[in-house]
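Student: This is the structure I have questions about; it appears just below.
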Number of protein chains: 2
Amino acid sequence: MELTTVKEALAIILNNAEDFGIEEVDFLKSMGRVLKENIVADRDFPPFNRVSMDGIAFSSEAFNSGQRTFKIEGVQAAGSEQMTLQNKQHCIEAMTGAVLPNGCDVVIQYELVTIENGEATVHLDNVKFFQNIHKKGLDRGANEVLIQKNTLITSAEIGVLATVGKYKVKVAKQPKVMIVSTGNELVEVNENPAAHQIRRSNVFTLISILEKLHIKAETAHILDDKHVLQTKIEGFLNTYDVFIFSGAVSKGKFDFIPEVLDNLGVKKLFHKVKQRPGKPFWFGKKANKTVFAFPGNPVSTFVSCLKYFTPWYQKSMGVTFENSQQAILSEDFFFKPGLTYFLQVKLAQQNGKLIATPVTGKGSGDLVNLVDADAFIELPADKANFSKGEVFPVISYR
Amino acid sequence: MELTTVKEALAIILNNAEDFGIEEVDFLKSMGRVLKENIVADRDFPPFNRVSMDGIAFSSEAFNSGQRTFKIEGVQAAGSEQMTLQNKQHCIEAMTGAVLPNGCDVVIQYELVTIENGEATVHLDNVKFFQNIHKKGLDRGANEVLIQKNTLITSAEIGVLATVGKYKVKVAKQPKVMIVSTGNELVEVNENPAAHQIRRSNVFTLISILEKLHIKAETAHILDDKHVLQTKIEGFLNTYDVFIFSGAVSKGKFDFIPEVLDNLGVKKLFHKVKQRPGKPFWFGKKANKTVFAFPGNPVSTFVSCLKYFTPWYQKSMGVTFENSQQAILSEDFFFKPGLTYFLQVKLAQQNGKLIATPVTGKGSGDLVNLVDADAFIELPADKANFSKGEVFPVISYR
């Protein structure tokens, strides 16, 4: 059987993105979510001619006619209603963030002014019209789109949401994700494994990858019993949108997942990808349910989730998938088997370049190796010799 | 008065890092926290000679003496106790993740084997000793340190914590942070500002920056009244470890923060930094309390928090501060005032290089510009001409 290439696999997966709809959340809970409405300026930014230095505000006309000393009429504080200069030859002290007083068109900072006996003297030969004034509407006009729909919300967007008063905001709904481990060899984290057992770990790695995407996934463990698997998964199919399996997809006598999914009407879109690690990866759909069945070894599950689930999720949320990050190989590397190889690397910054140094582990089962690395670089299947200085796509997990 | 340079300011801040102690948390709640104990292998990894392919296990001695067909004695499943080969001329089917059966030292995958009438025939001329067997202790030995103390916990570490049974883990305690906005011009996000008012936004930007650091900060707003400010801050000083102020640190008539902090015994370590934006930044200490008082304009607050608070926090947590990220300027840029300039840029990846393109805003007050950019690059104060191709430190916020 011809294996699916990594490129084909990713294309199939991205073609099967799903729309989970929209929900409204408190803007402060929207970090990391994908915006589902355009955010529009509710008024001009700034909303008024805003004083941008603490100092005195006056009329440039008076200044230009030779006047340097201005009687102080009052103080325009930030948060106070706009004052009006009563006499064109006078000035008003004006604070950063305040409305420019009516009748004034220049602000000169205190550093360039002497104040004595209620009069301010400006030590300048020239002033500019609207000096130290952030003009109403200069940044953005009312009704202008400030944040486009489908933007991933970060701290920068949070500030803008606040400033336009969007205390409730429409974001893409998260899928309901069920992460299932199988394997009779697995015991819980707080248990002591017997000699032939190990603790569950993949599901927790997956939970934490999804946590970074602000998805609260649920998890279950099912023993290697075909009947039990089928019954439990059937139940889950009614409740969850997305399934991530870890294990039981290869050629073993207890690798029931493909058969059970088939029995339950989940259509296989591919099984086995031309990659290492993670070759036995199975992917399928049943209506709008999406099933990622990754092989059980820890590094396979880890890299496959990052390589396939993450972009599927991003496309489903409506953000354009752009894993354009690339890194430069720091030393020659050889890999013969004709599979795309996800090589574990340590990343370093050098003069604006991202350098990837291979961290050679002891095989794809070596979970601990992940701790010593930062990322995977993706070495194409059609080559065996990879040279120092060549550039490859990188999937970073730190 | 000589301004503090950016380098001096950062050095003073890092010299004033604080240790907030250690707490134990559920391992699944430890994402993004800093580990405060070495994580040690509780046993060998793998803990047994682990079968790494589904296939048949047999003795290489039998194979090497010419035998190719082996009677199948049984199946060694993952999670089952170790079986023993009863007859050296036989084999046992063995599954990925299973213990290697006693008496076997080779596993050959099903793909290279024909099974008929209870006998397996191997289609190979040679086999290697321990082929397809992940040897006990090969990855790591019992008692070996797997994760060093002071590591930032990511998904990679979560898997290792699970596998060694660390369901409770020691991490650095988070500081209690109070974020205070001042300014009579500010109204709440769900309110309609009058013509001279604007909504609070900086505190929410700050909350969301801290949220990314897994700090749940609290926030308060205090009007520009010296007495009220002093009373409230005095109370907060009893409860919180760290204060981030936004506003009221410059030369305005209502910029009471420096005076109030002085009255309360908070020692000023510097006031005013040779930078744009964010020049009026005030930093001080009272015993183990740390006060960052940033100027109130949104971009100043934003970049100052990333440039100063984040490394202070990281050092306080015990992780080494390494903002080594750099980017390459994509076009010439000119900035004369003799201040370190935090220039807003859009980042792009090109062949393993990080390219920064200036996004010129309308001044430091332009909050919305942050949405169009990804990062700041730090242009040094002692130059005015910055050339295409030059490399500068970058502070990314996406």
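Letters A, B, ... mark the chains of the structure tokens in the order given; residue numbers begin at 1 per chain; ligand numbers begin at 1, in order shown.
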Please return, as JSON, numbers by chain, all residues of segment 171-283 of chain A that DSSP assigns to helix (DSSP H, G or I) on the basis of the backbone.

Tutor: {"A": [202, 203, 204, 205, 206, 207, 208, 209, 210, 211, 212, 226, 227, 228, 229, 230, 231, 232, 233, 234, 235, 236, 237, 238, 239, 257, 258, 259, 260, 261, 262, 263]}

Student: List as a list in words the protein and nucleic acid residues near Thr114 of chain A, meaning an atom at most 12 Å away when only C-alpha atoms are counted, but skip any in the same chain fewer than 5 places from it.

Tutor: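 Once the nearby chain positions are removed, what remains is Gly55, Ile56, Arg68, Thr69, Phe70, Lys71, Ile72, Ile108, Gln109, Glu119, Ala120, Thr121, Val122, His123 and Leu124 of chain A.
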
Student: With all heavy atoms retained, could you export that selection as a tab-separated table (two decimals), in the first residue's frame?

Tutor:
chain	number	residue	atom	x	y	z
A	55	GLY	N	1.77	71.07	30.25
A	55	GLY	CA	2.34	72.40	30.00
A	55	GLY	C	1.27	73.46	29.91
A	55	GLY	O	0.26	73.38	30.61
A	56	ILE	N	1.49	74.43	29.05
A	56	ILE	CA	0.49	75.49	28.90
A	56	ILE	C	-0.05	75.51	27.47
A	56	ILE	O	0.69	75.27	26.52
A	56	ILE	CB	1.04	76.89	29.28
A	56	ILE	CG1	2.20	77.30	28.34
A	56	ILE	CG2	1.50	76.94	30.74
A	56	ILE	CD1	2.45	78.79	28.36
A	68	ARG	N	5.07	86.51	24.44
A	68	ARG	CA	5.78	85.37	25.03
A	68	ARG	C	5.29	85.07	26.45
A	68	ARG	O	5.52	83.99	26.98
A	68	ARG	CB	7.30	85.63	25.07
A	68	ARG	CG	7.97	85.68	23.69
A	68	ARG	CD	7.87	84.33	22.96
A	68	ARG	NE	8.45	84.40	21.61
A	68	ARG	CZ	7.77	84.73	20.51
A	68	ARG	NH1	6.48	85.03	20.60
A	68	ARG	NH2	8.38	84.76	19.34
A	69	THR	N	4.67	86.05	27.07
A	69	THR	CA	4.19	85.86	28.43
A	69	THR	C	2.66	85.89	28.45
A	69	THR	O	2.05	86.79	27.85
A	69	THR	CB	4.78	86.94	29.37
A	69	THR	OG1	6.21	86.80	29.36
A	69	THR	CG2	4.26	86.78	30.80
A	70	PHE	N	2.10	84.86	29.11
A	70	PHE	CA	0.64	84.67	29.08
A	70	PHE	C	0.12	84.55	30.51
A	70	PHE	O	0.66	83.76	31.29
A	70	PHE	CB	0.29	83.39	28.32
A	70	PHE	CG	0.80	83.35	26.90
A	70	PHE	CD1	2.13	82.98	26.61
A	70	PHE	CD2	-0.04	83.69	25.84
A	70	PHE	CE1	2.59	82.94	25.31
A	70	PHE	CE2	0.43	83.64	24.53
A	70	PHE	CZ	1.75	83.27	24.26
A	71	LYS	N	-0.89	85.27	30.82
A	71	LYS	CA	-1.54	85.16	32.13
A	71	LYS	C	-2.28	83.81	32.18
A	71	LYS	O	-2.93	83.41	31.21
A	71	LYS	CB	-2.53	86.31	32.30
A	71	LYS	CG	-3.19	86.39	33.67
A	71	LYS	CD	-3.82	87.77	33.88
A	71	LYS	CE	-4.32	87.96	35.29
A	71	LYS	NZ	-5.53	87.20	35.61
A	72	ILE	N	-2.16	83.10	33.29
A	72	ILE	CA	-2.79	81.78	33.40
A	72	ILE	C	-4.23	81.93	33.86
A	72	ILE	O	-4.49	82.47	34.95
A	72	ILE	CB	-2.00	80.87	34.37
A	72	ILE	CG1	-0.57	80.67	33.85
A	72	ILE	CG2	-2.70	79.52	34.56
A	72	ILE	CD1	0.36	80.00	34.84
A	108	ILE	N	2.77	74.00	25.05
A	108	ILE	CA	4.22	73.96	25.27
A	108	ILE	C	4.49	73.37	26.65
A	108	ILE	O	3.90	73.79	27.64
A	108	ILE	CB	4.85	75.36	25.10
A	108	ILE	CG1	4.66	75.87	23.66
A	108	ILE	CG2	6.35	75.33	25.46
A	108	ILE	CD1	5.26	74.98	22.56
A	109	GLN	N	5.38	72.36	26.65
A	109	GLN	CA	5.64	71.61	27.89
A	109	GLN	C	6.30	72.49	28.95
A	109	GLN	O	7.03	73.42	28.63
A	109	GLN	CB	6.49	70.37	27.60
A	109	GLN	CG	7.84	70.59	26.94
A	109	GLN	CD	7.78	70.45	25.44
A	109	GLN	OE1	6.91	71.01	24.77
A	109	GLN	NE2	8.71	69.69	24.88
A	119	GLU	N	1.79	83.99	35.79
A	119	GLU	CA	2.06	84.21	34.38
A	119	GLU	C	3.09	83.19	33.89
A	119	GLU	O	4.04	82.86	34.61
A	119	GLU	CB	2.60	85.62	34.13
A	119	GLU	CG	1.55	86.70	34.31
A	119	GLU	CD	2.06	88.07	33.86
A	119	GLU	OE1	3.30	88.29	33.91
A	119	GLU	OE2	1.24	88.90	33.47
A	120	ALA	N	2.87	82.76	32.64
A	120	ALA	CA	3.79	81.76	32.06
A	120	ALA	C	4.56	82.43	30.93
A	120	ALA	O	3.95	83.06	30.05
A	120	ALA	CB	3.01	80.57	31.53
A	121	THR	N	5.88	82.26	30.94
A	121	THR	CA	6.70	82.81	29.86
A	121	THR	C	7.32	81.65	29.07
A	121	THR	O	7.92	80.74	29.64
A	121	THR	CB	7.82	83.72	30.42
A	121	THR	OG1	7.19	84.74	31.20
A	121	THR	CG2	8.65	84.34	29.30
A	122	VAL	N	7.12	81.73	27.77
A	122	VAL	CA	7.58	80.66	26.88
A	122	VAL	C	8.95	81.01	26.33
A	122	VAL	O	9.13	82.09	25.77
A	122	VAL	CB	6.59	80.48	25.70
A	122	VAL	CG1	7.08	79.38	24.76
A	122	VAL	CG2	5.20	80.16	26.21
A	123	HIS	N	9.92	80.08	26.48
A	123	HIS	CA	11.28	80.35	26.01
A	123	HIS	C	11.51	79.70	24.66
A	123	HIS	O	12.26	78.73	24.53
A	123	HIS	CB	12.29	79.84	27.03
A	123	HIS	CG	12.03	80.39	28.41
A	123	HIS	ND1	12.17	81.73	28.71
A	123	HIS	CD2	11.57	79.80	29.54
A	123	HIS	CE1	11.85	81.94	29.98
A	123	HIS	NE2	11.47	80.78	30.51
A	124	LEU	N	10.83	80.21	23.67
A	124	LEU	CA	10.95	79.66	22.32
A	124	LEU	C	10.80	80.78	21.31
A	124	LEU	O	10.13	81.78	21.59
A	124	LEU	CB	9.82	78.65	22.06
A	124	LEU	CG	9.91	77.26	22.68
A	124	LEU	CD1	8.61	76.51	22.43
A	124	LEU	CD2	11.09	76.49	22.09

Student: Among segment 120-268 of chain B, which residues does DSSP mark as strand (DSSP E) when it is run on the backbone? Keep the chain and numbering as in the structure and answer as a PyMOL selection string.

Tutor: chain B and resi 120-122+133-134+145-147+168-172+177-182+186-187+198-199+218-222+242-246+267-268

Student: Using the selection just defined, write its residues with N, CA and C atoms as a compact mmCIF listing (two decimals), in the first residue's frame.

Tutor:
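Generated file (out30.txt):
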# COMPACT_ATOMS: atom_id res chain seq x y z
N ALA B 120 5.51 -19.08 12.29
CA ALA B 120 5.93 -17.83 11.66
C ALA B 120 7.23 -18.06 10.92
N THR B 121 7.26 -17.62 9.65
CA THR B 121 8.49 -17.73 8.88
C THR B 121 9.05 -16.34 8.61
N VAL B 122 10.33 -16.18 8.93
CA VAL B 122 10.98 -14.87 8.81
C VAL B 122 11.68 -14.80 7.45
N ILE B 133 13.99 -3.70 19.63
CA ILE B 133 13.79 -3.74 21.09
C ILE B 133 14.42 -2.48 21.67
N HIS B 134 13.61 -1.73 22.41
CA HIS B 134 14.09 -0.53 23.07
C HIS B 134 14.64 -0.99 24.42
N VAL B 145 18.58 12.75 36.61
CA VAL B 145 17.75 13.96 36.57
C VAL B 145 17.19 14.14 35.15
N LEU B 146 15.86 14.18 35.05
CA LEU B 146 15.23 14.30 33.74
C LEU B 146 14.90 15.75 33.40
N ILE B 147 14.46 16.49 34.41
CA ILE B 147 14.18 17.92 34.21
C ILE B 147 14.88 18.68 35.34
N LYS B 168 2.03 15.75 41.96
CA LYS B 168 2.15 17.06 42.61
C LYS B 168 3.58 17.54 42.36
N VAL B 169 3.71 18.81 42.03
CA VAL B 169 5.03 19.28 41.65
C VAL B 169 5.31 20.64 42.28
N LYS B 170 6.54 20.85 42.67
CA LYS B 170 6.94 22.12 43.31
C LYS B 170 7.27 23.15 42.24
N VAL B 171 6.60 24.30 42.34
CA VAL B 171 6.85 25.39 41.39
C VAL B 171 7.03 26.70 42.16
N ALA B 172 7.61 27.67 41.47
CA ALA B 172 7.76 29.00 42.07
C ALA B 172 6.38 29.61 42.29
N VAL B 177 -0.06 40.54 42.35
CA VAL B 177 0.14 41.77 41.59
C VAL B 177 -1.12 42.63 41.60
N MET B 178 -0.94 43.90 41.89
CA MET B 178 -2.02 44.89 41.81
C MET B 178 -1.71 45.87 40.69
N ILE B 179 -2.64 45.97 39.77
CA ILE B 179 -2.50 46.90 38.65
C ILE B 179 -3.42 48.08 38.90
N VAL B 180 -2.86 49.28 38.98
CA VAL B 180 -3.66 50.46 39.34
C VAL B 180 -3.65 51.48 38.21
N SER B 181 -4.84 51.83 37.77
CA SER B 181 -4.93 52.96 36.85
C SER B 181 -5.34 54.20 37.63
N THR B 182 -4.88 55.34 37.18
CA THR B 182 -5.29 56.62 37.75
C THR B 182 -5.79 57.48 36.60
N LEU B 186 -10.89 58.59 32.95
CA LEU B 186 -11.19 57.19 32.61
C LEU B 186 -12.55 56.74 33.13
N VAL B 187 -13.30 56.06 32.25
CA VAL B 187 -14.55 55.42 32.67
C VAL B 187 -14.42 53.92 32.39
N ILE B 198 -12.37 58.94 28.30
CA ILE B 198 -12.08 57.73 27.52
C ILE B 198 -12.27 56.53 28.45
N ARG B 199 -12.33 55.35 27.85
CA ARG B 199 -12.50 54.15 28.68
C ARG B 199 -11.15 53.66 29.19
N GLU B 218 -4.82 41.54 40.06
CA GLU B 218 -6.03 42.29 40.40
C GLU B 218 -5.86 43.74 39.94
N THR B 219 -6.97 44.43 39.88
CA THR B 219 -6.89 45.78 39.34
C THR B 219 -7.78 46.74 40.12
N ALA B 220 -7.35 48.00 40.16
CA ALA B 220 -8.12 49.03 40.83
C ALA B 220 -7.99 50.32 40.05
N HIS B 221 -8.98 51.16 40.18
CA HIS B 221 -8.87 52.49 39.59
C HIS B 221 -8.99 53.53 40.71
N ILE B 222 -8.10 54.49 40.72
CA ILE B 222 -8.14 55.53 41.75
C ILE B 222 -8.16 56.89 41.06
N VAL B 242 3.62 43.22 44.24
CA VAL B 242 4.08 43.99 43.09
C VAL B 242 2.97 44.94 42.66
N PHE B 243 3.37 46.14 42.27
CA PHE B 243 2.42 47.15 41.82
C PHE B 243 2.79 47.60 40.43
N ILE B 244 1.79 47.62 39.58
CA ILE B 244 2.01 48.24 38.28
C ILE B 244 1.03 49.40 38.18
N PHE B 245 1.58 50.59 38.11
CA PHE B 245 0.76 51.78 37.93
C PHE B 245 0.80 52.18 36.48
N SER B 246 -0.27 52.79 36.06
CA SER B 246 -0.32 53.30 34.70
C SER B 246 -0.83 54.73 34.78
N LYS B 267 10.95 53.58 48.11
CA LYS B 267 12.18 54.27 47.71
C LYS B 267 12.29 54.31 46.18
N LYS B 268 12.43 55.49 45.65
CA LYS B 268 12.62 55.65 44.21
C LYS B 268 14.00 55.13 43.82

Student: For a test of reading the model, state the distance in Å between atom CA of Val299 of chain B and atom CA of Ile207 of chain B, rounded to one decimal.

Tutor: 14.7 Å

Student: Can you tell me, as a list in words, what residues are no more than 8 Å from Gly252 of chain B when counting only C-alpha atoms, ignoring any on the same chain fewer than 4 positions away?

Tutor: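 The neighbour list is Asp54, Gly55, Met95 and Thr96 of chain A; Ala248 of chain B.
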
Student: Just want the 9 Å neighbourhood of Thr84 of chain B, counted on only C-alpha atoms, with same-chain residues fewer than 3 positions away dropped. Output as a list in words.

Tutor: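 Once the nearby chain positions are removed, what remains is Asn87, Ile92, Pro101, Asn102, Gly103 and Cys104 of chain B.
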
Student: For Pro311 of chain B, please output as a list in words all residues within 12 Å (counting only C-alpha atoms; exclusion window: fewer than 4 positions along the same chain).

Tutor: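 With the cut-off at 12 Å, the set is Ala9, Leu10, Ala11, Ile12, Ile13, Leu14, Asn15, Asn16, Ala17, Glu18, Leu213, Ser304, Cys305, Leu306, Lys307, Lys315, Ser316, Met317, Gly318, Val319, Thr320, Phe321, Glu322, Asn323, Ser324 and Ile395 of chain B.
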
Student: Keeping C-alpha atoms, export the residues of the selection given above as an mmCIF file, in the first residue's frame.

Tutor:
data_model
loop_
_atom_site.group_PDB
_atom_site.id
_atom_site.type_symbol
_atom_site.label_atom_id
_atom_site.label_comp_id
_atom_site.auth_asym_id
_atom_site.auth_seq_id
_atom_site.Cartn_x
_atom_site.Cartn_y
_atom_site.Cartn_z
ATOM 1 C CA ALA B 9 17.115 50.792 34.258
ATOM 2 C CA LEU B 10 16.935 47.100 33.356
ATOM 3 C CA ALA B 11 20.008 46.324 35.473
ATOM 4 C CA ILE B 12 18.497 48.077 38.511
ATOM 5 C CA ILE B 13 15.221 46.222 38.012
ATOM 6 C CA LEU B 14 16.894 42.826 37.673
ATOM 7 C CA ASN B 15 18.946 43.555 40.802
ATOM 8 C CA ASN B 16 15.643 43.957 42.580
ATOM 9 C CA ALA B 17 14.122 40.617 41.708
ATOM 10 C CA GLU B 18 12.325 38.900 44.610
ATOM 11 C CA LEU B 213 2.661 34.575 32.380
ATOM 12 C CA SER B 304 7.460 49.021 29.338
ATOM 13 C CA CYS B 305 5.654 46.056 30.833
ATOM 14 C CA LEU B 306 7.206 43.728 28.239
ATOM 15 C CA LYS B 307 10.662 45.271 28.467
ATOM 16 C CA LYS B 315 14.390 36.492 37.211
ATOM 17 C CA SER B 316 12.183 36.437 40.320
ATOM 18 C CA MET B 317 10.891 33.011 39.308
ATOM 19 C CA GLY B 318 14.452 31.770 38.893
ATOM 20 C CA VAL B 319 14.574 31.306 35.135
ATOM 21 C CA THR B 320 17.455 32.933 33.413
ATOM 22 C CA PHE B 321 16.422 35.967 31.483
ATOM 23 C CA GLU B 322 17.315 35.450 27.882
ATOM 24 C CA ASN B 323 15.515 37.769 25.570
ATOM 25 C CA SER B 324 18.005 36.969 22.896
ATOM 26 C CA ILE B 395 10.316 42.245 21.875
#

Student: Residues at most 8 Å from His196 of chain A, counting only C-alpha atoms, excluding those fewer than 6 positions away in the same chain, as a PyMOL selection string?

Tutor: (chain A and resi 185) or (chain B and resi 47-48+78-82+98-99)

Student: Would you output that residue set with N, CA and C atoms, as a PDB file, in the first residue's frame?

Tutor:
ATOM      1  N   GLU A 185      -1.218  -1.517  29.221  1.00  0.00           N
ATOM      2  CA  GLU A 185       0.024  -1.305  29.981  1.00  0.00           C
ATOM      3  C   GLU A 185       0.002  -0.024  30.803  1.00  0.00           C
TER       4      GLU A 185
ATOM      5  N   PRO B  47      11.473   1.118  31.269  1.00  0.00           N
ATOM      6  CA  PRO B  47      11.602   0.360  32.517  1.00  0.00           C
ATOM      7  C   PRO B  47      11.837  -1.136  32.284  1.00  0.00           C
ATOM      8  N   PHE B  48      11.680  -1.566  31.057  1.00  0.00           N
ATOM      9  CA  PHE B  48      11.928  -2.978  30.699  1.00  0.00           C
ATOM     10  C   PHE B  48      12.376  -2.988  29.250  1.00  0.00           C
ATOM     11  N   ALA B  78       1.070  -5.774  25.274  1.00  0.00           N
ATOM     12  CA  ALA B  78       1.456  -4.647  26.127  1.00  0.00           C
ATOM     13  C   ALA B  78       0.589  -4.704  27.374  1.00  0.00           C
ATOM     14  N   GLY B  79       1.200  -4.476  28.512  1.00  0.00           N
ATOM     15  CA  GLY B  79       0.442  -4.492  29.752  1.00  0.00           C
ATOM     16  C   GLY B  79       0.289  -5.861  30.373  1.00  0.00           C
ATOM     17  N   SER B  80       0.847  -6.889  29.730  1.00  0.00           N
ATOM     18  CA  SER B  80       0.810  -8.224  30.339  1.00  0.00           C
ATOM     19  C   SER B  80       2.167  -8.520  30.978  1.00  0.00           C
ATOM     20  N   GLU B  81       2.120  -9.400  31.981  1.00  0.00           N
ATOM     21  CA  GLU B  81       3.378  -9.775  32.625  1.00  0.00           C
ATOM     22  C   GLU B  81       4.277 -10.488  31.633  1.00  0.00           C
ATOM     23  N   GLN B  82       5.554 -10.409  31.901  1.00  0.00           N
ATOM     24  CA  GLN B  82       6.536 -10.990  30.982  1.00  0.00           C
ATOM     25  C   GLN B  82       6.335 -12.503  30.848  1.00  0.00           C
ATOM     26  N   ALA B  98       5.047  -3.879  24.637  1.00  0.00           N
ATOM     27  CA  ALA B  98       5.073  -5.041  25.545  1.00  0.00           C
ATOM     28  C   ALA B  98       6.484  -5.256  26.084  1.00  0.00           C
ATOM     29  N   VAL B  99       6.557  -6.015  27.172  1.00  0.00           N
ATOM     30  CA  VAL B  99       7.840  -6.470  27.686  1.00  0.00           C
ATOM     31  C   VAL B  99       8.374  -7.528  26.712  1.00  0.00           C
TER      32      VAL B  99
END

Student: Go through A:Gln174, A:Asn238, A:Gln86, A:Asn369 one by one, measure the shortest atom-to-atom distance of each to chain B using only C-alpha atoms, and give the residue with the smallest value.

Tutor: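 Checking each candidate against chain B, we get A:Asn369 as the closest.
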
Student: Give me the residues near Asn190 of chain A as a list in words, where near means some atom within 12 Å (using only C-alpha atoms) and where sequence neighbours in that chain fewer than 2 positions away do not count.

Tutor: Leu186, Val187, Glu188, Asn192, Pro193, Ile198, Arg199, Arg200 and Ser201 of chain A; Asp26, Phe27, Leu161, Ala162, Thr163, Val164, Gly165, Lys166, Tyr167 and Lys168 of chain B

Student: For Arg140 of chain A, which residue among A:Phe294, A:Gly66, A:Gln350, A:Pro46 is the nearest when counting only C-alpha atoms?

Tutor: A:Pro46

Student: Interatomic distance between atom CA of Glu24 of chain B and atom CA of Asp42 of chain B?

Tutor: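 Separating atom CA of Glu24 of chain B from atom CA of Asp42 of chain B is a distance of 18.9 Å.
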
Student: When distances are computed from only C-alpha atoms, which of A:Tyr240, A:Tyr341, A:Phe335, A:Phe270 shows the smallest separation from Ser300 of chain A?

Tutor: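 Nearest candidate to Ser300 of chain A out of A:Tyr240, A:Tyr341, A:Phe335, A:Phe270: A:Tyr341.
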
Student: B:Gly352, B:Pro295, B:Pro175, B:Gly74: which is nearest chain A, counting only C-alpha atoms?

Tutor: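 Of B:Gly352, B:Pro295, B:Pro175, B:Gly74, the one nearest chain A, counting only C-alpha atoms, is B:Gly352.
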